[in-house]
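Structure file model06.txt; described as compact mmCIF, C-alpha atoms.
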```txt
# COMPACT_ATOMS: atom_id res chain seq x y z
CA MET A 1 0.00 0.00 0.00
CA THR A 2 1.38 3.40 -0.99
CA ALA A 3 2.04 5.73 1.90
CA LEU A 4 0.02 8.93 1.93
CA PRO A 5 2.04 12.04 1.09
CA ARG A 6 2.63 14.32 4.04
CA ARG A 7 1.58 17.90 3.73
CA SER A 8 4.41 20.38 3.93
CA HIS A 9 4.79 22.65 6.93
CA SER A 10 3.62 25.61 4.83
CA GLN A 11 0.43 23.75 3.93
CA ASN A 12 -0.34 23.13 7.60
CA GLN A 13 0.14 26.78 8.59
CA PRO A 14 -3.04 28.88 8.40
CA ALA A 15 -3.01 31.59 5.76
CA PRO A 16 -3.04 35.22 6.91
CA ARG A 17 -6.57 36.42 7.56
CA TRP A 18 -6.50 38.99 4.77
CA VAL A 19 -5.48 36.30 2.26
CA THR A 20 -8.35 34.07 3.39
CA LEU A 21 -10.87 36.91 3.18
CA ALA A 22 -9.59 38.05 -0.23
CA THR A 23 -9.73 34.50 -1.62
CA ARG A 24 -13.24 33.92 -0.32
CA SER A 25 -14.44 37.25 -1.73
CA LEU A 26 -12.87 36.55 -5.11
CA LEU A 27 -14.33 33.04 -5.31
CA LEU A 28 -17.78 34.28 -4.30
CA THR A 29 -17.60 37.00 -6.95
CA LEU A 30 -16.53 34.57 -9.66
CA VAL A 31 -19.26 32.07 -8.73
CA ALA A 32 -21.95 34.77 -8.74
CA LEU A 33 -20.66 36.20 -12.03
CA SER A 34 -20.78 32.86 -13.83
CA LEU A 35 -24.21 32.05 -12.43
CA LEU A 36 -25.78 35.40 -13.33
CA ALA A 37 -24.15 35.45 -16.77
CA GLY A 38 -25.11 31.82 -17.41
CA ILE A 39 -28.74 32.51 -16.51
CA THR A 40 -28.77 35.61 -18.71
CA GLY A 41 -27.31 33.67 -21.62
CA GLY A 42 -29.84 30.88 -21.14
CA LEU A 43 -32.73 33.34 -21.19
CA LEU A 44 -31.46 34.89 -24.40
CA ARG A 45 -31.15 31.45 -26.00
CA ALA A 46 -34.73 30.70 -24.95
CA GLY A 47 -35.96 33.82 -26.72
CA VAL A 48 -36.35 36.08 -23.70
CA ALA A 49 -35.14 39.48 -24.93
CA SER A 50 -34.28 42.51 -22.81
CA PRO A 51 -33.95 46.02 -24.31
CA VAL A 52 -31.62 46.95 -21.44
CA LEU A 53 -29.02 44.42 -22.64
CA ALA A 54 -29.37 45.13 -26.35
CA ASP A 55 -26.36 47.49 -26.62
CA LEU A 56 -24.01 45.43 -24.43
CA ALA A 57 -21.47 42.90 -25.68
CA TRP A 58 -21.32 40.53 -22.72
CA PRO A 59 -24.89 39.12 -23.02
CA GLY A 60 -24.02 37.84 -26.49
CA HIS A 61 -20.89 36.16 -25.12
CA ALA A 62 -22.99 34.73 -22.28
CA ALA A 63 -25.48 33.26 -24.76
CA LEU A 64 -22.71 31.63 -26.79
CA SER A 65 -20.99 30.23 -23.69
CA HIS A 66 -24.14 29.43 -21.67
CA ALA A 67 -23.29 25.76 -21.02
CA ALA A 68 -19.63 26.47 -20.21
CA LEU A 69 -20.58 29.24 -17.80
CA MET A 70 -23.13 27.12 -15.93
CA ILE A 71 -21.23 23.82 -15.87
CA CYS A 72 -17.60 24.94 -15.63
CA GLY A 73 -17.73 28.51 -14.39
CA PHE A 74 -20.47 28.01 -11.81
CA LEU A 75 -20.90 24.35 -10.84
CA GLY A 76 -17.28 23.39 -11.49
CA THR A 77 -16.11 26.23 -9.28
CA VAL A 78 -18.56 25.37 -6.49
CA ILE A 79 -17.56 21.70 -6.55
CA GLY A 80 -13.91 22.71 -6.66
CA ILE A 81 -14.37 24.82 -3.52
CA GLU A 82 -16.13 21.96 -1.77
CA ARG A 83 -13.32 19.54 -2.63
CA ALA A 84 -10.61 22.04 -1.62
CA VAL A 85 -12.24 22.50 1.77
CA ALA A 86 -12.48 18.72 2.19
CA VAL A 87 -8.83 18.01 1.29
CA LYS A 88 -7.54 20.94 3.40
CA LEU A 89 -4.79 21.95 0.98
CA ARG A 90 -4.41 25.60 0.02
CA THR A 91 -3.11 24.69 -3.42
CA ALA A 92 -6.42 22.87 -4.08
CA PHE A 93 -8.11 26.28 -4.28
CA LEU A 94 -6.22 26.92 -7.53
CA ALA A 95 -8.77 24.72 -9.31
CA PRO A 96 -11.87 26.80 -8.45
CA LEU A 97 -9.91 30.01 -8.93
CA ALA A 98 -8.94 28.90 -12.44
CA SER A 99 -12.42 27.69 -13.40
CA GLY A 100 -14.01 30.88 -12.04
CA ALA A 101 -11.50 33.06 -13.89
CA GLY A 102 -12.10 31.00 -17.02
CA GLY A 103 -15.80 31.80 -16.78
CA ALA A 104 -15.05 35.51 -16.47
CA LEU A 105 -12.86 35.36 -19.59
CA LEU A 106 -15.62 33.60 -21.53
CA LEU A 107 -17.92 36.44 -20.57
CA LEU A 108 -15.38 38.91 -21.98
CA GLY A 109 -15.26 37.01 -25.27
CA GLN A 110 -11.80 35.50 -24.62
CA VAL A 111 -13.03 32.00 -25.41
CA ASP A 112 -9.67 30.33 -26.13
CA LEU A 113 -7.97 31.64 -23.00
CA GLY A 114 -11.02 30.92 -20.88
CA ALA A 115 -11.30 27.40 -22.25
CA TRP A 116 -7.64 26.59 -21.55
CA LEU A 117 -7.96 27.98 -18.03
CA GLY A 118 -10.80 25.49 -17.67
CA VAL A 119 -8.44 22.71 -18.76
CA GLY A 120 -5.96 23.80 -16.11
CA ALA A 121 -8.71 23.89 -13.49
CA ALA A 122 -9.85 20.37 -14.34
CA ALA A 123 -6.27 19.07 -14.31
CA ILE A 124 -5.64 20.51 -10.83
CA PHE A 125 -9.03 19.24 -9.69
CA THR A 126 -8.13 15.74 -10.92
CA ALA A 127 -4.86 15.90 -8.98
CA VAL A 128 -6.80 16.91 -5.85
CA ASN A 129 -9.03 13.87 -6.27
CA ILE A 130 -5.97 11.64 -6.64
CA VAL A 131 -4.84 12.93 -3.23
CA ILE A 132 -8.27 12.09 -1.82
CA VAL A 133 -8.14 8.55 -3.22
CA ARG A 134 -4.68 8.03 -1.74
CA ARG A 135 -6.00 9.13 1.63
CA GLN A 136 -9.20 7.09 1.43
CA SER A 137 -9.52 4.41 -1.22
CA ALA A 138 -13.24 3.71 -1.42
CA ALA A 139 -15.82 3.21 -4.15
CA HIS A 140 -17.16 6.76 -3.89
CA THR A 141 -13.70 8.42 -3.91
CA TRP A 142 -12.67 6.47 -7.00
CA LEU A 143 -15.93 7.50 -8.64
CA LEU A 144 -15.20 11.14 -7.81
CA LEU A 145 -11.80 10.75 -9.47
CA VAL A 146 -13.39 9.32 -12.63
CA ALA A 147 -15.87 12.21 -12.62
CA ALA A 148 -12.96 14.66 -12.45
CA GLY A 149 -11.40 12.91 -15.45
CA ALA A 150 -14.68 13.34 -17.35
CA TRP A 151 -14.57 17.09 -16.66
CA LEU A 152 -10.99 17.21 -17.92
CA ALA A 153 -11.96 15.33 -21.10
CA GLY A 154 -14.87 17.70 -21.76
CA ASN A 155 -12.71 20.77 -21.18
CA LEU A 156 -10.03 19.47 -23.53
CA LEU A 157 -12.62 18.93 -26.25
CA PHE A 158 -13.99 22.41 -25.65
CA ALA A 159 -10.55 24.03 -25.76
CA THR A 160 -9.35 22.19 -28.86
CA GLY A 161 -12.65 22.34 -30.74
CA ARG A 162 -12.44 18.64 -31.57
CA GLY A 163 -15.35 16.31 -31.05
CA SER A 164 -17.62 19.19 -30.06
CA GLY A 165 -20.62 16.85 -30.07
CA ALA A 166 -19.13 15.01 -27.09
CA THR A 167 -18.30 18.07 -24.98
CA LEU A 168 -21.70 18.29 -23.31
CA PRO A 169 -21.92 14.52 -22.65
CA TRP A 170 -18.53 14.62 -20.91
CA TRP A 171 -19.46 17.74 -18.93
CA PHE A 172 -22.75 16.25 -17.80
CA ALA A 173 -20.99 12.97 -17.00
CA PHE A 174 -18.79 14.94 -14.60
CA LEU A 175 -21.82 16.31 -12.76
CA VAL A 176 -23.91 13.14 -12.87
CA MET A 177 -21.07 10.94 -11.61
CA THR A 178 -20.18 13.44 -8.88
CA ILE A 179 -23.77 13.30 -7.63
CA ALA A 180 -23.83 9.50 -7.92
CA ALA A 181 -20.62 9.30 -5.87
CA GLU A 182 -22.06 11.55 -3.16
CA ARG A 183 -25.23 9.46 -2.97
CA LEU A 184 -23.16 6.27 -2.86
CA GLU A 185 -21.23 7.70 0.09
CA MET A 186 -24.44 8.72 1.86
CA THR A 187 -25.96 5.25 1.46
CA ARG A 188 -22.85 3.13 2.02
CA LEU A 189 -24.15 1.92 5.40
CA MET A 190 -27.46 0.72 3.96
CA ARG A 191 -27.96 -2.98 3.39
CA ARG A 192 -27.82 -3.70 -0.32
CA ARG A 193 -27.49 -6.77 -2.46
CA PRO A 194 -23.87 -7.48 -3.47
CA ALA A 195 -24.76 -6.91 -7.12
CA ALA A 196 -26.05 -3.38 -6.46
CA GLU A 197 -22.65 -1.70 -6.57
CA LEU A 198 -21.59 -3.74 -9.61
CA SER A 199 -24.76 -2.69 -11.42
CA LEU A 200 -24.02 0.95 -10.62
CA GLN A 201 -20.52 0.57 -12.03
CA ALA A 202 -21.97 -0.99 -15.19
CA VAL A 203 -24.44 1.87 -15.61
CA LEU A 204 -21.75 4.52 -15.19
CA ALA A 205 -19.42 2.66 -17.56
CA THR A 206 -22.24 2.80 -20.12
CA LEU A 207 -22.54 6.54 -19.49
CA LEU A 208 -18.82 7.02 -20.18
CA ALA A 209 -19.04 4.85 -23.28
CA GLY A 210 -21.94 6.97 -24.52
CA ALA A 211 -19.93 10.15 -23.97
CA ALA A 212 -16.93 8.71 -25.80
CA TRP A 213 -18.99 7.41 -28.72
CA SER A 214 -20.85 10.72 -29.10
CA ALA A 215 -17.85 12.16 -30.95
CA LEU A 216 -17.48 9.19 -33.31
CA ALA A 217 -21.01 7.86 -33.75
CA PRO A 218 -23.56 10.37 -32.43
CA VAL A 219 -26.56 8.06 -32.77
CA THR A 220 -24.95 5.13 -30.96
CA GLY A 221 -23.39 7.42 -28.37
CA GLY A 222 -26.67 9.23 -27.74
CA LEU A 223 -28.61 5.99 -27.32
CA LEU A 224 -26.04 4.62 -24.87
CA TYR A 225 -25.94 7.90 -22.94
CA GLY A 226 -29.72 8.17 -22.72
CA ALA A 227 -30.09 4.56 -21.64
CA ALA A 228 -27.46 5.05 -18.93
CA LEU A 229 -29.31 8.09 -17.56
CA VAL A 230 -32.57 6.15 -17.34
CA LEU A 231 -30.86 3.17 -15.68
CA LEU A 232 -29.10 5.46 -13.21
CA ALA A 233 -32.43 7.07 -12.30
CA LEU A 234 -33.90 3.62 -11.63
CA TRP A 235 -30.84 2.60 -9.57
CA LEU A 236 -30.99 5.73 -7.44
CA ALA A 237 -34.74 5.42 -6.91
CA ALA A 238 -34.29 1.79 -5.82
CA TYR A 239 -31.22 2.07 -3.60
CA ASP A 240 -30.98 5.65 -2.35
CA ILE A 241 -31.84 6.34 1.27
CA ALA A 242 -34.24 9.06 0.09
CA ARG A 243 -37.00 6.50 -0.44
CA HIS A 244 -36.94 5.95 3.32
CA THR A 245 -36.28 9.49 4.55
CA VAL A 246 -39.14 10.92 2.48
CA ARG A 247 -41.38 9.64 5.30
CA ALA A 248 -39.40 11.62 7.87
CA HIS A 249 -39.88 15.26 8.84
CA GLY A 250 -38.08 18.57 8.49
CA LEU A 251 -34.83 18.82 6.56
CA SER A 252 -34.55 15.07 5.96
CA ARG A 253 -37.89 14.99 4.20
CA TYR A 254 -37.12 18.11 2.17
CA MET A 255 -33.85 16.61 0.93
CA ALA A 256 -35.62 13.38 0.01
CA VAL A 257 -38.28 15.27 -1.98
CA CYS A 258 -35.52 17.13 -3.86
CA LEU A 259 -33.70 13.89 -4.61
CA LEU A 260 -36.69 11.83 -5.70
CA GLY A 261 -38.00 14.64 -7.90
CA GLY A 262 -34.54 14.95 -9.43
CA TYR A 263 -34.45 11.23 -10.18
CA ALA A 264 -37.74 11.52 -12.06
CA TRP A 265 -36.30 14.31 -14.21
CA LEU A 266 -33.14 12.25 -14.74
CA ALA A 267 -35.26 9.51 -16.31
CA VAL A 268 -37.04 12.08 -18.49
CA ALA A 269 -33.67 13.45 -19.58
CA GLY A 270 -32.47 9.96 -20.53
CA VAL A 271 -35.50 9.29 -22.71
CA ALA A 272 -35.23 12.72 -24.34
CA TRP A 273 -31.46 12.32 -24.88
CA ALA A 274 -31.95 9.01 -26.68
CA ALA A 275 -34.84 10.43 -28.72
CA THR A 276 -32.74 13.44 -29.72
CA SER A 277 -30.03 11.14 -31.06
CA LEU A 278 -32.68 9.59 -33.30
CA GLY A 279 -33.58 12.98 -34.75
CA LEU A 280 -36.57 14.00 -32.62
CA PRO A 281 -36.69 17.70 -31.59
CA LEU A 282 -36.16 17.09 -27.88
CA ARG A 283 -32.69 18.57 -27.34
CA ASP A 284 -33.95 21.34 -25.05
CA ALA A 285 -35.87 18.75 -23.00
CA ALA A 286 -32.81 16.51 -22.74
CA LEU A 287 -30.42 19.26 -21.66
CA HIS A 288 -32.69 21.05 -19.21
CA ALA A 289 -34.44 18.06 -17.69
CA LEU A 290 -30.89 16.99 -16.83
CA GLY A 291 -29.37 20.38 -16.03
CA LEU A 292 -32.31 21.94 -14.19
CA GLY A 293 -34.60 19.09 -13.21
CA PHE A 294 -31.87 16.77 -11.94
CA ILE A 295 -28.76 18.79 -11.16
CA VAL A 296 -30.38 21.94 -9.76
CA SER A 297 -32.77 19.78 -7.72
CA MET A 298 -29.72 18.05 -6.25
CA MET A 299 -28.15 21.43 -5.56
CA MET A 300 -31.27 22.62 -3.75
CA GLY A 301 -31.39 19.42 -1.72
CA HIS A 302 -27.74 19.40 -0.69
CA ALA A 303 -27.25 23.14 -0.11
CA PRO A 304 -28.64 23.19 3.47
CA VAL A 305 -26.01 20.57 4.41
CA ILE A 306 -23.06 21.60 2.23
CA LEU A 307 -23.16 25.37 2.82
CA PRO A 308 -22.65 25.12 6.60
CA ALA A 309 -19.68 22.80 5.95
CA ILE A 310 -17.84 24.82 3.31
CA ALA A 311 -18.96 28.40 3.97
CA ARG A 312 -19.48 28.19 7.74
CA VAL A 313 -22.96 29.62 7.25
CA LYS A 314 -25.70 28.08 9.38
CA LEU A 315 -29.24 27.96 8.01
CA GLN A 316 -32.63 27.95 9.69
CA PHE A 317 -34.64 25.33 7.82
CA GLY A 318 -38.36 25.90 7.27
CA SER A 319 -41.20 24.99 4.95
CA PHE A 320 -40.36 28.06 2.83
CA PHE A 321 -37.57 25.97 1.25
CA TYR A 322 -40.24 24.11 -0.72
CA LEU A 323 -41.36 27.24 -2.61
CA PRO A 324 -38.37 27.60 -5.00
CA LEU A 325 -38.27 23.82 -5.42
CA ALA A 326 -41.93 23.70 -6.45
CA LEU A 327 -41.47 26.67 -8.78
CA LEU A 328 -38.47 24.98 -10.40
CA HIS A 329 -40.42 21.82 -11.21
CA VAL A 330 -43.56 23.60 -12.40
CA SER A 331 -41.61 26.06 -14.56
CA LEU A 332 -39.51 23.28 -16.06
CA PHE A 333 -42.66 21.34 -16.99
CA LEU A 334 -44.05 24.52 -18.53
CA ARG A 335 -40.83 25.06 -20.47
CA LEU A 336 -40.70 21.53 -21.86
CA VAL A 337 -44.37 21.55 -22.85
CA GLY A 338 -43.76 24.91 -24.52
CA GLY A 339 -40.81 23.44 -26.38
CA LEU A 340 -43.05 20.73 -27.83
CA SER A 341 -45.91 23.05 -28.74
CA GLY A 342 -43.72 25.79 -30.17
CA GLY A 343 -45.63 28.54 -28.36
CA PRO A 344 -44.51 31.27 -25.94
CA LEU A 345 -44.66 28.82 -23.02
CA ARG A 346 -41.00 27.93 -23.54
CA SER A 347 -39.87 31.52 -22.92
CA ALA A 348 -42.24 31.87 -19.98
CA GLY A 349 -40.99 28.63 -18.49
CA ALA A 350 -37.36 29.68 -18.96
CA SER A 351 -38.06 33.00 -17.22
CA LEU A 352 -39.65 31.18 -14.29
CA ASN A 353 -36.66 28.81 -14.17
CA ALA A 354 -34.50 31.87 -13.52
CA VAL A 355 -36.96 33.17 -10.93
CA ALA A 356 -36.84 29.80 -9.13
CA ILE A 357 -33.04 29.90 -8.89
CA ALA A 358 -33.10 33.53 -7.74
CA LEU A 359 -35.79 32.69 -5.18
CA PHE A 360 -33.66 29.84 -3.88
CA ALA A 361 -30.73 32.24 -3.40
CA VAL A 362 -33.04 34.59 -1.48
CA THR A 363 -34.29 31.64 0.57
CA ILE A 364 -30.73 30.68 1.53
CA ALA A 365 -29.95 34.27 2.52
CA GLY A 366 -33.16 34.50 4.53
CA ALA A 367 -32.45 31.17 6.24
CA ALA A 368 -28.99 32.41 7.26
CA ILE A 369 -30.44 35.62 8.69
CA ALA A 370 -33.19 33.67 10.48
CA TRP A 371 -30.62 31.41 12.11
CA ARG A 372 -28.62 34.41 13.33
CA ILE A 373 -31.77 35.93 14.81
CA ASN A 374 -32.94 32.71 16.47
CA HIS A 375 -29.51 31.45 17.57
CA GLY A 376 -27.63 34.62 18.39
CA ARG A 377 -25.00 34.89 21.09
CA PRO A 378 -26.31 33.61 24.45
CA GLY A 379 -25.33 36.87 26.06
CA ALA A 380 -27.33 38.85 23.55
CA LEU A 381 -30.38 36.65 24.09
CA LEU A 382 -30.04 37.02 27.86
CA ASN A 383 -29.84 40.77 27.54
CA ARG A 384 -32.98 40.84 25.42
CA LYS A 385 -34.85 38.76 28.01
CA THR A 386 -33.59 41.07 30.80
CA ASP A 387 -34.74 44.17 28.90
CA ARG A 388 -38.23 42.76 28.84
```
Mind turning this structure into structure tokens?
Amino acid sequence: MTALPRRSHSQNQPAPRWVTLATRSLLLTLVALSLLAGITGGLLRAGVASPVLADLAWPGHAALSHAALMICGFLGTVIGIERAVAVKLRTAFLAPLASGAGGALLLLGQVDLGAWLGVGAAAIFTAVNIVIVRRQSAAHTWLLLVAAGAWLAGNLLFATGRGSGATLPWWFAFLVMTIAAERLEMTRLMRRRPAAELSLQAVLATLLAGAAWSALAPVTGGLLYGAALVLLALWLAAYDIARHTVRAHGLSRYMAVCLLGGYAWLAVAGVAWAATSLGLPLRDAALHALGLGFIVSMMMGHAPVILPAIARVKLQFGSFFYLPLALLHVSLFLRLVGGLSGGPLRSAGASLNAVAIALFAVTIAGAAIAWRINHGRPGALLNRKTDR
């Protein structure tokens, strides 16, 4: 067994406070920039025009780089931050810094430089995951490493312009496999049949094969990819702990509702992805059932647990968390129905998708404020009681 590498003395020393604050502020700015620009670009692609943006250059760049901004600039940066916090190495923060900066360059129209920064980010991120595997060799850590490799493959295709039809499959494979690894870790203590983990590996191998074949044989690759998404949705619905915790209360139930709803959209995305490869006009359904219905649902479900861990922000959970989740699902259904009918429903649904994400951000901010009010310093609470 290979010995784990020891961190250097400089890695163990805490960074000066101003460096920590500056890095956090920069990362937060880059994440927010990619998210807002990605949403703006998505609205423009869905036909939602704004006279205010008509004379500006960056909305056009955002529309052209919508997928890269959302997947690499936003989600890749957020996942990179989460992994850097987990591994506790300052150099690991170079990955989210690079992916966030790459998103900013895409917004400025510097596509080549932004794309190659994304390659660098994914390469560093892969190295970080190698460190994690060396520290803890487990099924979910190996799966996280493979997911990082998928992001690197997608970024290389994007930067070189080769096999552009496979870029999105590799990018989505990165996100889907990251989520699958996290769910595998969460359910590792559940009793499962011995074949369950092997079947998951087979499904994810099919997903990777579909991504690889998408550049060479789009029809075959698309069918394999779509089938893998459907099979993964069935596996998660059958083996995830969410099917038990949905009968619980509070945060546990909310997370389960997010997860199970996301699995339903994952199955829809798989069917639509396969149908698109056969020539049916369901590309928007495939991409957004996966990107919004599955991935954003997972983000909404995990945020109340992940944010306190990585941002040291405590949240007051309440039933108000269900409002942006419900709006997301209803607006996505409206968007996909509008895409089939060809009417204005698609633009309306896309606008409400953006509102749902914005409302979720407001919900998180409100939950943080509510926690501070309800769980302030004991001394402050005592003083308030004394004043009464």
Restricting the calculation to only C-alpha atoms, which member of A:Val131, A:Ala196, A:Ala153, A:Leu27 is positioned closest to Ala98 of chain A?
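Closest to Ala98 of chain A, using only C-alpha atoms: A:Leu27.
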Determine the nearest neighbour of Trp151 of chain A from the options A:Ala202, A:Ile71, A:Ala303, A:Leu332, counting only C-alpha atoms.
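For Trp151 of chain A, the nearest of the candidates is A:Ile71.
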Give me, please, the distance in Å between atom CA of Arg243 of chain A and atom CA of Gly293 of chain A, quoted to one decimal.
18.1 Å
Kindly assemble as a tab-separated table a list of the segment 178-283 of chain A residues that lie within 12 Å of segment 305-322 of chain A, each paired with its nearest atom pair and their distance in Å to one decimal, using only C-alpha atoms, sorted first by chain and then by ascending residue number.
```
residue	atom	partner	partner_atom	distance
A:Glu182	CA	A:Ile306	CA	11.4
A:His249	CA	A:Ser319	CA	10.6
A:Gly250	CA	A:Gly318	CA	7.4
A:Leu251	CA	A:Phe317	CA	6.6
A:Ser252	CA	A:Val305	CA	10.3
A:Arg253	CA	A:Ser319	CA	10.6
A:Tyr254	CA	A:Tyr322	CA	7.4
A:Met255	CA	A:Val305	CA	9.4
A:Ala256	CA	A:Tyr322	CA	11.7
A:Val257	CA	A:Tyr322	CA	9.1
A:Cys258	CA	A:Tyr322	CA	9.0
```
For Val111 of chain A, please output as a PyMOL selection string all residues within 10 Å (counting all atoms listed in the file; exclusion window: fewer than 6 positions along the same chain).
chain A and resi 61+64-65+102-105+117+158-159
